[in-house]
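Have a look at the structure below, then the notes.
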Amino acid sequence: MGVVEAALDGGFFVRWLTAAAGLVEREADRLTELDSAIGDADHGANMQRGFAAVVKAMDAEPPGTPGAVLVAAGRQLISTVGGASGPLYGTLLRRAGKSLGEAPQVSVAQLQEGLRAGVDSVRTLGGAAPGDKTMVDALVPAVEALGDSPDAAAAAAEEGARATVPMLAKKGRASYLGERSIGHQDPGATSSALLFAALAEVAR
Ligand code: ADP
Ligand code: MG
């Protein structure tokens, strides 16, 4: 059975976030480099701190359901990351988790619905629309492509992150740079692509 039809349980979600933490760890220097060009050079450290806390919480007390895993992870990100990305990613996961409710297993279609609700909450919280050169530019196409497959979502997120290079930043620290934000890839869109790369990896 392919993952698109498969039921995803709590263990799958723990594996997803653990894989995400691994990719964040591996790519932290790159995230910080991108953030040093158009931000304050802390995105790698922020993501590392946040996802290390997520993994630690999962290890200490593995939440049972997919919804509980995402809500617990979101809470960790909000409470451990000082930068803008913590509350934004925390909101994404918490809102997605709440939308999955208490179901012991969910389909990829339900995950897509949950993440769609999560991305809407990110947009409400941060006020960013597609084209503003933020994580939203990777998250929106990734969630739409998740209807096809996790691999398609990962590719769409990657493409969305690359598409931020020529954009003028309208939200977050990079927006303070105005025209000088053009020509650099957004750090948050880049880390969003890692989250979807991790999802595709564990779904394979
Ligand atoms: P900070 O900007 O506080 O230093 P980080 O460096 O960890 O936080 O994260 C920066 C990333 O957060 C940006 O690259 C962008 O993708 C994302 N971001 C910042 N502000 C917003 C916003 N208002 N809406 C959506 N995403 C945002
Ligand atoms: Mg920063």
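The way I read the labels, and the way they are meant: chains A, B, ... in the order of the structure tokens, residue 1 as the first residue of every chain, and ligand 1 as the first ligand shown, with later ones counted on from there.
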Could you list, as a count of residues only, all residues that come within 9 Å of ligand 2? Count only C-alpha atoms and all ligand atoms. 20
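Using only C-alpha atoms, the smallest distance between any of A:Ser149, A:Thr190, A:Gln76, A:Gln105 and Ala203 in chain A comes from A:Ser149.
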Distance query Gln185 in chain A at most 7 Å, only C-alpha atoms, self and fewer than 6 positions along chain excluded, as a PDB file with all heavy atoms, in the first residue's frame:
```pdb
ATOM      1  N   LEU A  34      21.974  31.901   5.353  1.00  0.00           N
ATOM      2  CA  LEU A  34      20.899  32.610   4.640  1.00  0.00           C
ATOM      3  C   LEU A  34      20.349  33.734   5.516  1.00  0.00           C
ATOM      4  O   LEU A  34      20.058  34.832   5.031  1.00  0.00           O
ATOM      5  CB  LEU A  34      19.772  31.633   4.260  1.00  0.00           C
ATOM      6  CG  LEU A  34      20.122  30.577   3.219  1.00  0.00           C
ATOM      7  CD1 LEU A  34      18.981  29.560   3.080  1.00  0.00           C
ATOM      8  CD2 LEU A  34      20.425  31.219   1.864  1.00  0.00           C
ATOM      9  N   ALA A 161      10.834  27.588  -2.108  1.00  0.00           N
ATOM     10  CA  ALA A 161      11.943  28.251  -1.399  1.00  0.00           C
ATOM     11  C   ALA A 161      12.866  28.947  -2.401  1.00  0.00           C
ATOM     12  O   ALA A 161      13.269  30.102  -2.199  1.00  0.00           O
ATOM     13  CB  ALA A 161      12.718  27.227  -0.564  1.00  0.00           C
ATOM     14  N   ARG A 162      13.177  28.240  -3.498  1.00  0.00           N
ATOM     15  CA  ARG A 162      14.061  28.846  -4.514  1.00  0.00           C
ATOM     16  C   ARG A 162      13.411  30.073  -5.152  1.00  0.00           C
ATOM     17  O   ARG A 162      14.088  31.034  -5.500  1.00  0.00           O
ATOM     18  CB  ARG A 162      14.414  27.825  -5.599  1.00  0.00           C
ATOM     19  CG  ARG A 162      15.640  26.993  -5.247  1.00  0.00           C
ATOM     20  CD  ARG A 162      16.238  26.351  -6.487  1.00  0.00           C
ATOM     21  NE  ARG A 162      15.244  25.597  -7.233  1.00  0.00           N
ATOM     22  CZ  ARG A 162      14.991  24.292  -7.050  1.00  0.00           C
ATOM     23  NH1 ARG A 162      15.695  23.608  -6.173  1.00  0.00           N
ATOM     24  NH2 ARG A 162      14.061  23.689  -7.748  1.00  0.00           N
ATOM     25  N   THR A 164      11.829  32.301  -3.770  1.00  0.00           N
ATOM     26  CA  THR A 164      11.899  33.511  -2.928  1.00  0.00           C
ATOM     27  C   THR A 164      13.121  34.364  -3.271  1.00  0.00           C
ATOM     28  O   THR A 164      13.184  35.526  -2.865  1.00  0.00           O
ATOM     29  CB  THR A 164      11.954  33.180  -1.422  1.00  0.00           C
ATOM     30  OG1 THR A 164      13.158  32.438  -1.131  1.00  0.00           O
ATOM     31  CG2 THR A 164      10.734  32.384  -0.964  1.00  0.00           C
ATOM     32  N   VAL A 165      14.094  33.803  -4.005  1.00  0.00           N
ATOM     33  CA  VAL A 165      15.343  34.545  -4.282  1.00  0.00           C
ATOM     34  C   VAL A 165      15.080  35.925  -4.895  1.00  0.00           C
ATOM     35  O   VAL A 165      15.575  36.934  -4.372  1.00  0.00           O
ATOM     36  CB  VAL A 165      16.313  33.705  -5.153  1.00  0.00           C
ATOM     37  CG1 VAL A 165      17.522  34.533  -5.571  1.00  0.00           C
ATOM     38  CG2 VAL A 165      16.768  32.453  -4.408  1.00  0.00           C
TER      39      VAL A 165
END
```
Going by DSSP on the backbone, which bits of chain A are strand (DSSP E or B)? Write them as an MDAnalysis selection string, please. chainID A and resid 8:9 105:106
Enter the distance from CA of Glu201 in chain A to CA of Trp16 in chain A, in Å, rounded to one decimal.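 Answer for the CA of Glu201 in chain A to CA of Trp16 in chain A separation: 8.1 Å.
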As an MDAnalysis selection string, which residues of range 38-74 of chain A does DSSP assign to alpha helix (DSSP H)? chainID A and resid 38 43:60 66:74
Show which residues sit within 8 Å of Val143 in chain A, as a list of chain:residue names. Count only C-alpha atoms, and ignore same-chain residues fewer than 6 positions away.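 Near Val143 in chain A, the qualifying residues are A:Gln112, A:Leu115, A:Arg116, A:Ala153.
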Could you list, as JSON, numbers by chain, every residue within 9 Å of Gly11 in chain A, counting only C-alpha atoms and ignoring same-chain residues fewer than 4 positions away? {"A": [15, 16, 62, 63, 64, 65, 66, 69]}
Would you mind exporting all heavy atoms of the selected residues as an mmCIF file, in the first residue's frame?
```
data_model
loop_
_atom_site.group_PDB
_atom_site.id
_atom_site.type_symbol
_atom_site.label_atom_id
_atom_site.label_comp_id
_atom_site.auth_asym_id
_atom_site.auth_seq_id
_atom_site.Cartn_x
_atom_site.Cartn_y
_atom_site.Cartn_z
ATOM 1 N N ARG A 15 8.383 9.874 13.861
ATOM 2 C CA ARG A 15 9.495 9.660 12.913
ATOM 3 C C ARG A 15 9.688 10.872 12.000
ATOM 4 O O ARG A 15 10.812 11.251 11.689
ATOM 5 C CB ARG A 15 9.258 8.389 12.080
ATOM 6 C CG ARG A 15 9.359 7.103 12.874
ATOM 7 C CD ARG A 15 9.549 5.883 11.985
ATOM 8 N NE ARG A 15 8.439 5.655 11.068
ATOM 9 C CZ ARG A 15 7.276 5.109 11.414
ATOM 10 N NH1 ARG A 15 7.049 4.727 12.663
ATOM 11 N NH2 ARG A 15 6.322 4.939 10.513
ATOM 12 N N TRP A 16 8.578 11.471 11.578
ATOM 13 C CA TRP A 16 8.654 12.675 10.734
ATOM 14 C C TRP A 16 9.425 13.795 11.461
ATOM 15 O O TRP A 16 10.394 14.351 10.923
ATOM 16 C CB TRP A 16 7.242 13.143 10.345
ATOM 17 C CG TRP A 16 7.198 14.459 9.629
ATOM 18 C CD1 TRP A 16 8.233 15.059 8.933
ATOM 19 C CD2 TRP A 16 6.084 15.355 9.520
ATOM 20 N NE1 TRP A 16 7.813 16.266 8.404
ATOM 21 C CE2 TRP A 16 6.501 16.469 8.752
ATOM 22 C CE3 TRP A 16 4.772 15.323 10.001
ATOM 23 C CZ2 TRP A 16 5.648 17.548 8.459
ATOM 24 C CZ3 TRP A 16 3.930 16.382 9.697
ATOM 25 C CH2 TRP A 16 4.369 17.478 8.934
ATOM 26 N N PRO A 62 6.216 9.937 24.709
ATOM 27 C CA PRO A 62 5.696 9.866 23.337
ATOM 28 C C PRO A 62 4.180 10.057 23.318
ATOM 29 O O PRO A 62 3.471 9.279 23.941
ATOM 30 C CB PRO A 62 6.067 8.449 22.878
ATOM 31 C CG PRO A 62 6.994 7.892 23.916
ATOM 32 C CD PRO A 62 6.776 8.661 25.179
ATOM 33 N N PRO A 63 3.696 11.114 22.646
ATOM 34 C CA PRO A 63 2.260 11.327 22.575
ATOM 35 C C PRO A 63 1.640 10.248 21.688
ATOM 36 O O PRO A 63 2.290 9.763 20.772
ATOM 37 C CB PRO A 63 2.121 12.707 21.919
ATOM 38 C CG PRO A 63 3.507 13.270 21.843
ATOM 39 C CD PRO A 63 4.448 12.117 21.881
ATOM 40 N N GLY A 64 0.413 9.841 21.988
ATOM 41 C CA GLY A 64 -0.181 8.702 21.295
ATOM 42 C C GLY A 64 -0.655 8.954 19.885
ATOM 43 O O GLY A 64 -0.282 8.244 18.956
ATOM 44 N N THR A 65 -1.455 9.962 19.701
ATOM 45 C CA THR A 65 -2.108 10.148 18.406
ATOM 46 C C THR A 65 -1.336 11.145 17.529
ATOM 47 O O THR A 65 -0.555 11.950 18.046
ATOM 48 C CB THR A 65 -3.534 10.693 18.599
ATOM 49 O OG1 THR A 65 -3.429 11.990 19.227
ATOM 50 C CG2 THR A 65 -4.366 9.760 19.469
ATOM 51 N N PRO A 66 -1.578 11.103 16.208
ATOM 52 C CA PRO A 66 -0.963 12.103 15.325
ATOM 53 C C PRO A 66 -1.236 13.531 15.795
ATOM 54 O O PRO A 66 -0.316 14.367 15.834
ATOM 55 C CB PRO A 66 -1.647 11.837 13.974
ATOM 56 C CG PRO A 66 -1.986 10.379 14.018
ATOM 57 C CD PRO A 66 -2.357 10.102 15.443
ATOM 58 N N VAL A 69 0.860 14.405 18.823
ATOM 59 C CA VAL A 69 2.275 14.603 18.478
ATOM 60 C C VAL A 69 2.484 16.025 17.951
ATOM 61 O O VAL A 69 3.395 16.747 18.390
ATOM 62 C CB VAL A 69 2.742 13.577 17.418
ATOM 63 C CG1 VAL A 69 4.130 13.928 16.892
ATOM 64 C CG2 VAL A 69 2.745 12.160 18.001
#
```
Between A:Ala109, A:Leu146, A:Val202, A:Ala20, which is the closest to Ala73 in chain A once you count only C-alpha atoms? A:Ala20
Separation of CA of Gly118 in chain A from CA of Glu159 in chain A, in Å and rounded to one decimal: 20.3 Å
Using only C-alpha atoms, which of A:Gln110, A:Gly160, A:Leu70, A:Met167 sits nearest Ala142 in chain A?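 Residue with the minimum atom-to-atom distance to Ala142 in chain A: A:Gly160.
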Restricting the calculation to only C-alpha atoms and all ligand atoms: of A:Met135, A:Ala7, A:Ala28, A:Leu111, which residue gets closest to ligand 1?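 Closest candidate: A:Met135.
Using only C-alpha atoms, the smallest distance between any of A:Tyr176, A:Ile182, A:Tyr89, A:Ala103 and Val136 in chain A comes from A:Tyr89.
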Residue among A:Arg180, A:Arg49, A:Arg204, A:Lys98 lying closest to ligand 1, counting only C-alpha atoms and all ligand atoms: A:Arg49
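Here CA of Ala128 in chain A is placed at a distance of 25.5 Å from CA of Asp151 in chain A.
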Need the shell around range 123-126 of chain A: protein/DNA/RNA residues with any atom at most 8 Å away, counting only C-alpha atoms. Skip same-chain ones fewer than 2 positions apart. Format as a PyMOL selection string? chain A and resi 88+119-121+128-129+136+171
